[in-house]
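Okay, upload-v1.cif now, which holds mmCIF, C-alpha atoms:
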data_final
#
loop_
_atom_site.label_atom_id
_atom_site.label_comp_id
_atom_site.auth_asym_id
_atom_site.auth_seq_id
_atom_site.Cartn_x
_atom_site.Cartn_y
_atom_site.Cartn_z
CA MET A 208 -1.87 29.13 15.83
CA SER A 209 -5.48 28.16 16.35
CA LEU A 210 -5.03 24.41 16.04
CA ARG A 211 -5.55 23.24 19.61
CA ARG A 212 -8.17 20.57 20.20
CA GLN A 213 -9.66 20.80 16.71
CA SER A 214 -8.71 17.26 15.71
CA VAL A 215 -8.51 15.21 18.89
CA VAL A 216 -11.78 13.34 18.14
CA GLY A 217 -9.83 11.90 15.34
CA ARG A 218 -8.66 8.63 14.08
CA ARG A 219 -9.87 6.70 17.10
CA THR A 220 -13.44 7.10 15.88
CA VAL A 221 -12.70 6.71 12.18
CA LEU A 222 -10.87 3.41 12.62
CA ARG A 223 -13.81 1.64 14.24
CA GLY A 224 -15.27 -0.71 11.66
CA MET A 225 -13.07 0.64 8.89
CA SER A 226 -11.01 -1.33 6.40
CA LEU A 227 -8.60 -0.01 3.80
CA SER A 228 -10.63 -1.64 1.04
CA ALA A 229 -13.60 0.48 2.07
CA LEU A 230 -11.59 3.65 1.61
CA GLY A 231 -10.81 2.98 -2.03
CA VAL A 232 -7.94 4.45 -4.02
CA ALA A 233 -8.53 8.14 -4.42
CA GLY A 234 -5.66 8.95 -6.73
CA GLY A 235 -5.39 6.00 -9.07
CA SER A 236 -6.46 8.07 -12.06
CA LEU A 237 -3.31 10.15 -11.80
CA LEU A 238 -1.15 7.31 -13.05
CA THR A 239 -1.08 5.07 -16.06
CA GLY A 240 1.63 2.51 -16.68
CA CYS A 241 3.61 2.91 -19.87
CA GLY A 242 5.27 -0.49 -19.83
CA ILE A 243 8.84 0.82 -19.58
CA PRO A 244 11.06 -1.17 -17.19
CA ALA A 245 12.22 0.59 -14.03
CA ALA A 246 15.74 2.01 -14.39
CA LYS A 247 18.24 3.76 -12.20
CA GLN A 248 18.46 7.53 -12.63
CA SER A 249 20.75 10.32 -11.46
CA ALA A 250 20.23 14.01 -10.77
CA GLY A 251 22.35 14.82 -13.80
CA GLU A 252 20.37 12.53 -16.08
CA CYS A 253 16.91 13.36 -14.76
CA VAL A 254 16.76 17.11 -14.21
CA SER A 255 13.73 18.53 -12.43
CA THR A 256 12.43 22.08 -12.78
CA ASP A 257 10.88 23.75 -9.73
CA ARG A 258 7.94 26.01 -10.55
CA SER A 259 7.12 26.79 -6.92
CA PRO A 260 7.82 30.56 -7.14
CA ALA A 261 5.13 30.96 -9.80
CA GLN A 262 2.79 28.11 -8.83
CA LYS A 263 1.50 27.97 -5.27
CA ALA A 264 0.35 24.38 -5.57
CA LEU A 265 1.27 20.96 -4.20
CA ILE A 266 0.07 17.37 -4.78
CA PHE A 267 0.56 15.21 -1.68
CA SER A 268 0.00 11.42 -1.60
CA ASN A 269 -0.26 9.78 1.82
CA TRP A 270 -1.68 6.72 3.58
CA PRO A 271 -5.36 6.60 4.62
CA SER A 272 -6.17 8.02 8.07
CA TYR A 273 -2.74 9.64 8.30
CA MET A 274 -3.86 13.27 8.51
CA ASP A 275 -5.84 14.94 11.29
CA GLU A 276 -9.51 15.40 10.46
CA SER A 277 -12.23 17.56 11.96
CA ASP A 278 -15.57 15.97 12.80
CA GLU A 279 -17.16 18.83 10.88
CA LYS A 280 -17.61 18.92 7.12
CA VAL A 281 -17.61 21.92 4.77
CA ASN A 282 -19.61 21.53 1.56
CA GLY A 283 -19.73 17.82 2.22
CA LYS A 284 -15.93 17.52 2.44
CA THR A 285 -13.88 16.50 5.47
CA VAL A 286 -11.79 19.32 6.91
CA LEU A 287 -8.10 18.61 7.58
CA PRO A 288 -7.26 21.27 10.20
CA THR A 289 -3.45 21.37 10.12
CA LEU A 290 -3.39 21.17 6.33
CA GLU A 291 -5.98 23.96 6.09
CA GLU A 292 -3.82 26.07 8.38
CA PHE A 293 -0.76 25.43 6.21
CA GLN A 294 -2.64 26.55 3.12
CA THR A 295 -3.82 29.69 4.90
CA GLN A 296 -0.34 30.57 6.16
CA SER A 297 1.58 29.76 2.99
CA GLY A 298 -0.91 30.46 0.23
CA ILE A 299 0.00 27.05 -1.22
CA GLN A 300 -3.03 25.03 -2.33
CA VAL A 301 -2.62 21.36 -1.52
CA THR A 302 -4.30 18.52 -3.38
CA TYR A 303 -4.27 15.76 -0.76
CA ILE A 304 -4.72 12.15 -1.85
CA ALA A 305 -4.93 9.16 0.53
CA ASP A 306 -3.86 6.56 -2.01
CA VAL A 307 -0.81 4.86 -0.51
CA ASN A 308 -2.36 1.63 0.72
CA ASP A 309 0.72 -0.58 0.48
CA ASN A 310 4.38 0.15 -0.26
CA ALA A 311 4.80 -2.45 -2.98
CA GLU A 312 1.47 -1.54 -4.58
CA PHE A 313 2.44 2.13 -4.70
CA TYR A 314 5.85 1.29 -6.13
CA ALA A 315 4.09 -0.57 -8.95
CA LYS A 316 2.02 2.54 -9.68
CA VAL A 317 4.97 4.88 -10.14
CA ARG A 318 7.91 2.73 -11.23
CA ASP A 319 7.40 3.13 -14.97
CA GLN A 320 7.23 6.91 -14.75
CA LEU A 321 10.11 7.39 -12.32
CA GLY A 322 12.23 4.73 -14.01
CA SER A 323 11.95 6.58 -17.33
CA CYS A 324 12.40 10.07 -15.86
CA GLN A 325 8.76 11.06 -16.25
CA PRO A 326 6.53 12.90 -13.75
CA CYS A 327 4.41 10.64 -11.57
CA GLY A 328 1.74 13.24 -10.80
CA ARG A 329 2.83 13.95 -7.21
CA ASP A 330 5.11 16.43 -5.45
CA ILE A 331 5.32 14.48 -2.17
CA PHE A 332 4.56 10.90 -1.32
CA VAL A 333 5.03 9.01 1.93
CA LEU A 334 6.69 5.58 2.01
CA THR A 335 8.11 3.30 4.69
CA ASP A 336 11.87 3.09 5.29
CA TRP A 337 12.56 0.02 3.18
CA MET A 338 10.71 1.31 0.13
CA ALA A 339 12.02 4.84 0.59
CA ALA A 340 15.53 3.35 0.66
CA ARG A 341 14.88 1.54 -2.61
CA MET A 342 13.68 4.69 -4.37
CA VAL A 343 16.61 6.72 -3.07
CA SER A 344 19.05 4.06 -4.26
CA LEU A 345 17.44 4.12 -7.71
CA GLY A 346 18.01 7.88 -7.96
CA TRP A 347 14.28 8.59 -8.22
CA ILE A 348 14.12 11.12 -5.37
CA GLN A 349 15.18 14.78 -5.39
CA GLN A 350 17.70 16.06 -2.86
CA LEU A 351 16.17 18.38 -0.27
CA ASP A 352 17.36 21.87 0.68
CA HIS A 353 17.74 21.82 4.45
CA LYS A 354 18.12 25.60 4.53
CA ALA A 355 14.45 25.73 3.58
CA MET A 356 13.53 23.39 6.48
CA PRO A 357 15.02 24.85 9.69
CA ASN A 358 12.32 23.22 11.82
CA VAL A 359 13.33 19.78 10.57
CA ASP A 360 16.97 20.28 11.53
CA ALA A 361 16.00 21.79 14.87
CA HIS A 362 13.35 19.28 15.95
CA LEU A 363 13.90 15.90 14.27
CA LEU A 364 14.33 13.25 16.99
CA ALA A 365 17.94 12.19 17.39
CA GLN A 366 17.03 8.50 16.95
CA LEU A 367 15.72 9.24 13.44
CA LYS A 368 18.40 11.57 12.08
CA SER A 369 20.73 9.06 10.46
CA PRO A 370 19.17 5.96 8.90
CA ASN A 371 21.77 3.89 7.05
CA TRP A 372 19.99 4.42 3.73
CA ASP A 373 19.92 8.25 4.07
CA PRO A 374 22.47 9.13 6.76
CA HIS A 375 22.12 12.90 6.45
CA ARG A 376 18.41 12.98 5.57
CA ASP A 377 19.33 14.45 2.21
CA TYR A 378 16.30 12.86 0.56
CA SER A 379 13.75 12.07 3.25
CA VAL A 380 11.91 13.54 6.23
CA PRO A 381 9.93 11.28 8.59
CA TRP A 382 6.19 11.88 8.57
CA GLN A 383 5.42 9.56 11.47
CA SER A 384 7.13 6.60 13.07
CA GLY A 385 5.72 3.51 14.69
CA LEU A 386 6.25 0.24 16.45
CA THR A 387 5.22 -3.20 15.27
CA GLY A 388 4.29 -5.63 18.02
CA ILE A 389 1.38 -7.82 19.06
CA ALA A 390 -2.22 -6.87 19.82
CA TYR A 391 -4.83 -9.14 21.32
CA ASN A 392 -8.47 -8.92 22.37
CA ALA A 393 -8.64 -9.79 26.08
CA LYS A 394 -12.34 -10.60 25.75
CA VAL A 395 -11.60 -13.66 23.62
CA THR A 396 -8.08 -14.80 24.61
CA SER A 397 -5.45 -14.66 27.31
CA GLU A 398 -2.33 -12.53 26.93
CA VAL A 399 -0.05 -13.35 24.00
CA GLY A 400 3.41 -12.44 25.22
CA SER A 401 5.67 -13.47 22.37
CA PHE A 402 5.71 -13.87 18.63
CA ALA A 403 6.61 -17.52 19.15
CA ASP A 404 3.36 -17.98 21.10
CA LEU A 405 1.38 -16.14 18.44
CA LEU A 406 2.59 -18.64 15.85
CA SER A 407 2.29 -21.81 17.89
CA ARG A 408 -0.45 -21.70 20.52
CA SER A 409 -3.14 -24.21 19.64
CA ASP A 410 -5.95 -22.05 21.02
CA LEU A 411 -4.99 -19.36 18.49
CA LYS A 412 -5.03 -21.62 15.43
CA GLY A 413 -6.88 -19.89 12.60
CA ARG A 414 -7.54 -16.89 14.86
CA ILE A 415 -4.51 -14.68 14.15
CA THR A 416 -3.40 -12.38 11.37
CA LEU A 417 0.05 -11.29 10.29
CA LEU A 418 1.01 -8.22 8.28
CA SER A 419 1.35 -8.27 4.51
CA GLU A 420 4.26 -5.79 4.74
CA MET A 421 7.28 -8.04 4.20
CA PRO A 422 9.75 -6.24 6.51
CA ASP A 423 7.32 -6.22 9.43
CA THR A 424 6.54 -9.93 9.38
CA MET A 425 9.95 -11.15 8.29
CA ALA A 426 11.71 -9.11 10.95
CA PHE A 427 9.98 -11.24 13.58
CA MET A 428 10.60 -14.46 11.67
CA LEU A 429 14.30 -13.58 11.52
CA LYS A 430 14.34 -12.89 15.25
CA LEU A 431 12.85 -16.32 15.89
CA GLU A 432 15.80 -17.81 13.98
CA GLY A 433 18.27 -15.86 16.09
CA ALA A 434 19.10 -13.43 13.29
CA ASP A 435 19.33 -9.63 13.43
CA PRO A 436 16.68 -8.05 11.14
CA GLY A 437 19.02 -5.10 10.69
CA LYS A 438 21.85 -7.28 9.35
CA PHE A 439 21.20 -10.79 8.08
CA ASN A 440 22.39 -13.10 5.30
CA ASP A 441 20.68 -15.27 2.71
CA ALA A 442 20.96 -18.43 4.80
CA GLU A 443 19.22 -16.75 7.75
CA TRP A 444 16.58 -15.41 5.40
CA SER A 445 15.94 -18.88 4.00
CA ARG A 446 15.50 -20.40 7.46
CA ALA A 447 13.11 -17.61 8.49
CA LEU A 448 11.14 -18.00 5.27
CA GLN A 449 10.84 -21.75 5.74
CA HIS A 450 9.55 -21.18 9.26
CA LEU A 451 6.90 -18.83 7.89
CA GLU A 452 5.89 -21.35 5.22
CA ASP A 453 5.50 -24.01 7.91
CA VAL A 454 3.31 -21.70 10.00
CA VAL A 455 1.10 -20.90 7.00
CA ALA A 456 0.80 -24.60 6.11
CA SER A 457 -0.27 -25.41 9.68
CA GLY A 458 -3.36 -23.20 9.40
CA GLN A 459 -2.28 -20.99 12.29
CA VAL A 460 -2.69 -17.77 10.28
CA ARG A 461 -6.15 -16.71 9.20
CA ARG A 462 -4.86 -14.19 6.68
CA PHE A 463 -2.24 -11.52 5.96
CA THR A 464 -3.46 -7.93 6.19
CA GLY A 465 -2.73 -4.26 5.99
CA ASN A 466 -4.26 -2.34 8.88
CA ASP A 467 -7.65 -3.81 8.06
CA TYR A 468 -7.03 -6.21 10.95
CA VAL A 469 -8.59 -3.43 13.06
CA GLN A 470 -12.18 -4.43 12.34
CA ASP A 471 -11.66 -8.15 13.02
CA LEU A 472 -9.73 -7.58 16.24
CA ASN A 473 -12.30 -5.13 17.58
CA ALA A 474 -15.12 -7.56 16.83
CA GLY A 475 -13.30 -10.58 18.24
CA ASN A 476 -13.28 -12.32 14.86
CA ILE A 477 -9.57 -12.79 15.46
CA ALA A 478 -8.02 -13.19 18.88
CA ALA A 479 -4.57 -11.70 18.28
CA CYS A 480 -2.43 -10.27 15.52
CA GLU A 481 0.76 -8.60 14.48
CA ALA A 482 -0.15 -4.92 14.79
CA TRP A 483 1.02 -1.35 14.40
CA SER A 484 1.14 0.77 17.55
CA GLY A 485 -0.93 3.68 16.25
CA ASP A 486 -3.83 1.45 15.26
CA VAL A 487 -3.85 -0.18 18.70
CA LEU A 488 -3.83 3.13 20.55
CA ALA A 489 -6.73 4.31 18.41
CA MET A 490 -8.72 1.13 19.11
CA GLN A 491 -8.06 1.30 22.85
CA ALA A 492 -9.91 4.59 23.11
CA ASP A 493 -13.14 2.76 22.25
CA ASN A 494 -12.43 -0.81 23.31
CA GLU A 495 -10.69 -1.46 26.62
CA ASP A 496 -10.25 -5.15 25.73
CA ILE A 497 -7.65 -4.34 23.07
CA LYS A 498 -4.14 -4.73 24.44
CA PHE A 499 -0.72 -3.99 22.96
CA VAL A 500 2.20 -6.23 23.87
CA VAL A 501 5.93 -5.71 23.58
CA PRO A 502 6.83 -9.25 22.44
CA GLU A 503 9.64 -11.10 24.16
CA GLU A 504 11.48 -10.90 20.84
CA GLY A 505 11.32 -7.09 20.86
CA LEU A 506 9.67 -4.52 18.61
CA ASN A 507 10.14 -3.29 15.06
CA LEU A 508 10.76 0.45 14.71
CA TRP A 509 10.02 2.12 11.39
CA SER A 510 9.28 5.48 9.85
CA ASP A 511 7.06 6.58 7.00
CA ASN A 512 8.97 9.23 5.09
CA MET A 513 8.09 12.25 2.97
CA LEU A 514 9.88 12.11 -0.39
CA VAL A 515 9.95 14.48 -3.39
CA PRO A 516 10.14 12.41 -6.59
CA ASN A 517 12.05 13.34 -9.72
CA LYS A 518 10.18 15.63 -12.13
CA ALA A 519 7.95 16.94 -9.31
CA THR A 520 7.57 20.62 -10.11
CA HIS A 521 6.86 22.06 -6.65
CA LYS A 522 9.87 21.05 -4.58
CA ALA A 523 10.15 24.31 -2.61
CA ASN A 524 6.45 24.12 -1.78
CA ALA A 525 7.01 20.57 -0.55
CA GLU A 526 9.89 21.70 1.64
CA ALA A 527 7.67 24.43 3.08
CA LEU A 528 5.11 21.79 4.06
CA MET A 529 7.79 19.59 5.64
CA ASN A 530 9.07 22.55 7.63
CA TYR A 531 5.53 23.41 8.79
CA TYR A 532 4.84 19.91 10.12
CA TYR A 533 8.01 20.08 12.22
CA ASP A 534 6.62 22.93 14.28
CA PRO A 535 6.11 21.15 17.65
CA GLU A 536 2.53 22.38 18.09
CA VAL A 537 1.52 21.30 14.60
CA ALA A 538 3.28 17.97 15.12
CA ALA A 539 1.46 17.40 18.41
CA THR A 540 -1.89 18.20 16.83
CA LEU A 541 -1.22 15.67 14.10
CA ALA A 542 0.03 13.05 16.58
CA ALA A 543 -3.08 13.44 18.74
CA TRP A 544 -5.13 12.29 15.78
CA VAL A 545 -2.97 9.65 14.06
CA ASN A 546 -1.61 8.19 17.33
CA TYR A 547 1.75 7.08 15.92
CA ILE A 548 5.22 7.96 17.25
CA CYS A 549 5.77 11.65 16.77
CA PRO A 550 9.20 12.31 15.18
CA VAL A 551 9.33 15.92 16.41
CA GLU A 552 11.26 16.98 19.51
CA GLY A 553 9.16 19.37 21.60
CA ALA A 554 5.83 17.89 20.53
CA GLN A 555 5.41 16.09 23.86
CA LYS A 556 5.42 19.38 25.74
CA ALA A 557 3.05 20.91 23.18
CA MET A 558 0.71 17.94 23.70
CA GLU A 559 -0.04 19.15 27.23
CA ALA A 560 -2.34 21.80 25.75
CA ILE A 561 -3.78 19.58 23.00
CA ASP A 562 -4.60 16.25 24.67
CA PRO A 563 -3.12 15.82 28.17
CA GLU A 564 -4.11 12.13 28.23
CA LEU A 565 -1.58 11.44 25.47
CA VAL A 566 1.42 13.23 27.00
CA GLU A 567 2.72 10.08 28.67
CA SER A 568 1.63 7.63 25.98
CA PRO A 569 4.53 5.24 25.31
CA LEU A 570 3.12 4.56 21.83
CA ILE A 571 3.41 8.23 20.81
CA PHE A 572 6.35 9.31 22.95
CA PRO A 573 8.27 6.10 23.77
CA ASP A 574 11.01 6.32 26.37
CA LYS A 575 14.56 5.03 26.08
CA ASP A 576 13.65 1.68 27.61
CA VAL A 577 11.06 1.01 24.91
CA LEU A 578 13.34 2.21 22.12
CA ALA A 579 16.11 -0.04 23.44
CA LYS A 580 13.90 -3.03 22.59
CA THR A 581 13.51 -2.04 18.94
CA THR A 582 15.22 -3.10 15.72
CA SER A 583 14.81 -1.85 12.16
CA PHE A 584 14.77 -3.90 8.98
CA MET A 585 17.91 -3.92 6.85
CA ALA A 586 17.95 -1.68 3.78
CA LEU A 587 17.95 -3.79 0.60
CA ASP A 588 19.23 -3.03 -2.89
CA THR A 589 16.73 -3.31 -5.73
CA ALA A 590 17.64 -6.83 -6.82
CA LYS A 591 17.62 -8.22 -3.29
CA ALA A 592 14.38 -6.46 -2.43
CA LYS A 593 12.68 -7.92 -5.51
CA LEU A 594 13.94 -11.41 -4.67
CA TYR A 595 12.86 -11.24 -1.02
CA GLU A 596 9.47 -9.77 -1.84
CA THR A 597 8.86 -12.58 -4.33
CA ASP A 598 9.91 -15.15 -1.73
CA PHE A 599 7.60 -13.61 0.83
CA ASN A 600 4.59 -13.34 -1.46
CA LEU A 601 4.95 -16.97 -2.46
CA ALA A 602 5.23 -18.00 1.20
CA ILE A 603 2.03 -16.20 2.19
CA GLY A 604 0.12 -17.24 -0.91
CA GLY A 605 0.02 -13.76 -2.38
#

Could you quickly redo this structure as structure tokens?
Amino acid sequence: MSLRRQSVVGRRTVLRGMSLSALGVAGGSLLTGCGIPAAKQSAGECVSTDRSPAQKALIFSNWPSYMDESDEKVNGKTVLPTLEEFQTQSGIQVTYIADVNDNAEFYAKVRDQLGSCQPCGRDIFVLTDWMAARMVSLGWIQQLDHKAMPNVDAHLLAQLKSPNWDPHRDYSVPWQSGLTGIAYNAKVTSEVGSFADLLSRSDLKGRITLLSEMPDTMAFMLKLEGADPGKFNDAEWSRALQHLEDVVASGQVRRFTGNDYVQDLNAGNIAACEAWSGDVLAMQADNEDIKFVVPEEGLNLWSDNMLVPNKATHKANAEALMNYYYDPEVAATLAAWVNYICPVEGAQKAMEAIDPELVESPLIFPDKDVLAKTTSFMALDTAKAKLYETDFNLAIGG
């Protein structure tokens, strides 16, 4: 492969001064709501036809800044090196859309179609564990053929092989993983060592942000109440929610964000925030004052997962792409740009030839000690997820 060093410039540069709102929603025109309530499906009830043998095409929806980019443009368009290489190797033409800005927002875009066994205009989309779990439980996702993805079975990190919502990875393949912790700007504040401090220090009042992703923020609130985010009950949830409401009412939190906290933290407009590891690593390349902290309460570990929805017509092509991105060299090239935890065994060794500075990065290749400090948010059924999301949105004023 000729991928080495093409994309290392990468996301570190793109993230400076960028907000998700500035990126826009590239693929919104693909979907129109039809007003039909979401409903559970099954493979027998919602049969999908794969046209991959005759149609070398694929529509892939992902999050912004989640694919390696070249600093060169061709005909005014940004080049995506690993994706270009996949198209060259496979002959499959990929329509790539960076339109997954928020899990709940994306769910709202596709629920009417998938709930009524209609195509949603995509062959792959990428969603975080908790939302992926919901879609799998609703029967909206096609079962994968692991025989078509030998690289996945050979190289998927052991820690990610058996989530409780998809224990055999029958329906999902991790795209990237990450850690949620605390970031602060050392130019404008002293170290923030715990989530409790983030929410209570008087010098931080009105100068912090928390994440608008419910599982990220509520996992820490649950920890503060002595509960396990991976297994909690309604009473523990209520106490954690009340704590969050009290914090919001106190004026401690400036706002709730996606990863558009990047711009404010870089500029010192906020002093500290709840943050995703990949964003922090990207910022650190250009701003030495940005620090990432493993809070005293621990870290959240999550994955964003590739899923093939019902009625997608290019399932085999999607599996070919999943298999390609589990080649360790391809995975390392991608990780060098996006800076999140690489889910592919062997990518760390491949990174030696791609970006040696990242080989020992604990935010891309965390060791056992770091992983031992992580928890993951409990998978929720549809009714519980809807209830908790409503609770959370009311608490944060959404």

Target residues per the PyMOL selection byres ((chain A and resi 438) around 9), formatted as a compact mmCIF listing (two decimals) with C-alpha atoms, in the coordinates of the input:
# COMPACT_ATOMS: atom_id res chain seq x y z
CA ALA A 434 19.10 -13.43 13.29
CA ASP A 435 19.33 -9.63 13.43
CA PRO A 436 16.68 -8.05 11.14
CA GLY A 437 19.02 -5.10 10.69
CA PHE A 439 21.20 -10.79 8.08
CA ASN A 440 22.39 -13.10 5.30
CA PHE A 584 14.77 -3.90 8.98
CA MET A 585 17.91 -3.92 6.85
CA ALA A 586 17.95 -1.68 3.78

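Considering all atoms listed in the file, the residue among A:Asp598, A:Asp319, A:Glu552, A:Asp309 positioned nearest to Asn466 of chain A is A:Asp309.
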
Please evaluate the PyMOL selection byres ((chain A and resi 381-385) around 10) against the structure above and give the resulting residues as a compact mmCIF listing (two decimals) with C-alpha atoms, in the coordinates of the input.
# COMPACT_ATOMS: atom_id res chain seq x y z
CA ASN A 269 -0.26 9.78 1.82
CA TYR A 273 -2.74 9.64 8.30
CA VAL A 333 5.03 9.01 1.93
CA LEU A 334 6.69 5.58 2.01
CA THR A 335 8.11 3.30 4.69
CA ASP A 336 11.87 3.09 5.29
CA VAL A 359 13.33 19.78 10.57
CA LEU A 363 13.90 15.90 14.27
CA LEU A 364 14.33 13.25 16.99
CA LEU A 367 15.72 9.24 13.44
CA LYS A 368 18.40 11.57 12.08
CA ARG A 376 18.41 12.98 5.57
CA SER A 379 13.75 12.07 3.25
CA VAL A 380 11.91 13.54 6.23
CA LEU A 386 6.25 0.24 16.45
CA THR A 387 5.22 -3.20 15.27
CA GLY A 388 4.29 -5.63 18.02
CA TRP A 483 1.02 -1.35 14.40
CA SER A 484 1.14 0.77 17.55
CA GLY A 485 -0.93 3.68 16.25
CA ASP A 486 -3.83 1.45 15.26
CA LEU A 506 9.67 -4.52 18.61
CA ASN A 507 10.14 -3.29 15.06
CA LEU A 508 10.76 0.45 14.71
CA TRP A 509 10.02 2.12 11.39
CA SER A 510 9.28 5.48 9.85
CA ASP A 511 7.06 6.58 7.00
CA ASN A 512 8.97 9.23 5.09
CA MET A 513 8.09 12.25 2.97
CA LEU A 514 9.88 12.11 -0.39
CA MET A 529 7.79 19.59 5.64
CA TYR A 532 4.84 19.91 10.12
CA TYR A 533 8.01 20.08 12.22
CA ALA A 538 3.28 17.97 15.12
CA LEU A 541 -1.22 15.67 14.10
CA ALA A 542 0.03 13.05 16.58
CA VAL A 545 -2.97 9.65 14.06
CA ASN A 546 -1.61 8.19 17.33
CA TYR A 547 1.75 7.08 15.92
CA ILE A 548 5.22 7.96 17.25
CA CYS A 549 5.77 11.65 16.77
CA PRO A 550 9.20 12.31 15.18
CA VAL A 551 9.33 15.92 16.41
CA LEU A 570 3.12 4.56 21.83
CA ILE A 571 3.41 8.23 20.81
CA PRO A 573 8.27 6.10 23.77

So which residues touch Met356 of chain A within 9 Å, counting all atoms listed in the file, skipping near sequence neighbours fewer than 4 positions away, as a PyMOL selection string? chain A and resi 351-352+360-361+526-531+533

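Using the PyMOL selection byres ((chain A and resi 495) around 10) on the file at hand returns these residues: Asn392, Ala393, Lys394, Asn473, Met490, Gln491, Ala492, Asp493, Asn494, Asp496, Ile497 and Lys498 of chain A.
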
Set the distance at 10 Å and use only C-alpha atoms: which residues neighbour Asp471 of chain A once local chain neighbours fewer than 3 positions away are removed? I'd like the list as number ranges by chain. A: 224-226, 392, 414-416, 467-468, 474-480

Please produce an output containing C-alpha atoms for each residue in the selection, written as a tab-separated table (two decimals), in the coordinates of the input.
chain	number	residue	atom	x	y	z
A	224	GLY	CA	-15.27	-0.71	11.66
A	225	MET	CA	-13.07	0.64	8.89
A	226	SER	CA	-11.01	-1.33	6.40
A	392	ASN	CA	-8.47	-8.92	22.37
A	414	ARG	CA	-7.54	-16.89	14.86
A	415	ILE	CA	-4.51	-14.68	14.15
A	416	THR	CA	-3.40	-12.38	11.37
A	467	ASP	CA	-7.65	-3.81	8.06
A	468	TYR	CA	-7.03	-6.21	10.95
A	474	ALA	CA	-15.12	-7.56	16.83
A	475	GLY	CA	-13.30	-10.58	18.24
A	476	ASN	CA	-13.28	-12.32	14.86
A	477	ILE	CA	-9.57	-12.79	15.46
A	478	ALA	CA	-8.02	-13.19	18.88
A	479	ALA	CA	-4.57	-11.70	18.28
A	480	CYS	CA	-2.43	-10.27	15.52

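Closest to Ala390 of chain A among A:Val487, A:Val566, A:Met558, A:Leu601 is A:Val487, based on all atoms listed in the file.
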
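Counting all atoms listed in the file, the residue from A:Ser268, A:Asp410, A:Ala365, A:Glu279 that sits nearest to Phe313 of chain A is A:Ser268.
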
Nearest to Gln349 of chain A, restricted to all atoms listed in the file and choosing among A:Ile266, A:Ala311, A:Leu587, A:Ala519, comes out as A:Ala519

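Going from atom CA of Val343 of chain A over to atom CA of Leu321 of chain A, you cover 11.3 Å.
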
What separates atom CA of Ser255 of chain A and atom CA of Gly322 of chain A is a distance of 14.0 Å

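Considering only C-alpha atoms, the residue among A:Leu429, A:Glu276, A:Ala456, A:Lys354 positioned nearest to Glu443 of chain A is A:Leu429.
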
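Each of A:Gln248, A:Asn524, A:Asn358, A:Asn308 was checked against Asp330 of chain A using only C-alpha atoms; the smallest atom-to-atom distance is that of A:Asn524.
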
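Here atom CA of Thr256 of chain A stands at a distance of 11.7 Å from atom CA of Pro516 of chain A.
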
Which residues, written as a PDB file with C-alpha atoms, keeping the file's coordinate frame, have at least one atom at most 12 Å from Gln296 of chain A, with only C-alpha atoms counted and residues fewer than 3 positions away on the same chain left out?
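The resulting file, part26.pdb, is shown below:
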ATOM      1  CA  MET A 208      -1.870  29.130  15.830  1.00  0.00           C
ATOM      2  CA  SER A 209      -5.480  28.160  16.350  1.00  0.00           C
ATOM      3  CA  LYS A 263       1.500  27.970  -5.270  1.00  0.00           C
ATOM      4  CA  THR A 289      -3.450  21.370  10.120  1.00  0.00           C
ATOM      5  CA  LEU A 290      -3.390  21.170   6.330  1.00  0.00           C
ATOM      6  CA  GLU A 291      -5.980  23.960   6.090  1.00  0.00           C
ATOM      7  CA  GLU A 292      -3.820  26.070   8.380  1.00  0.00           C
ATOM      8  CA  PHE A 293      -0.760  25.430   6.210  1.00  0.00           C
ATOM      9  CA  ILE A 299       0.000  27.050  -1.220  1.00  0.00           C
ATOM     10  CA  GLN A 300      -3.030  25.030  -2.330  1.00  0.00           C
ATOM     11  CA  ALA A 527       7.670  24.430   3.080  1.00  0.00           C
ATOM     12  CA  LEU A 528       5.110  21.790   4.060  1.00  0.00           C
ATOM     13  CA  TYR A 531       5.530  23.410   8.790  1.00  0.00           C
TER      14      TYR A 531
END

Please list as a list in words every residue within 12 Å of Ala602 of chain A, counting only C-alpha atoms and excluding residues in the same chain fewer than 2 positions away. Ser419, Met421, Thr424, Met425, Ser445, Ala447, Leu448, Gln449, His450, Leu451, Glu452, Asp453, Val454, Val455, Ala456, Phe463, Tyr595, Glu596, Thr597, Asp598, Phe599, Asn600, Gly604 and Gly605 of chain A
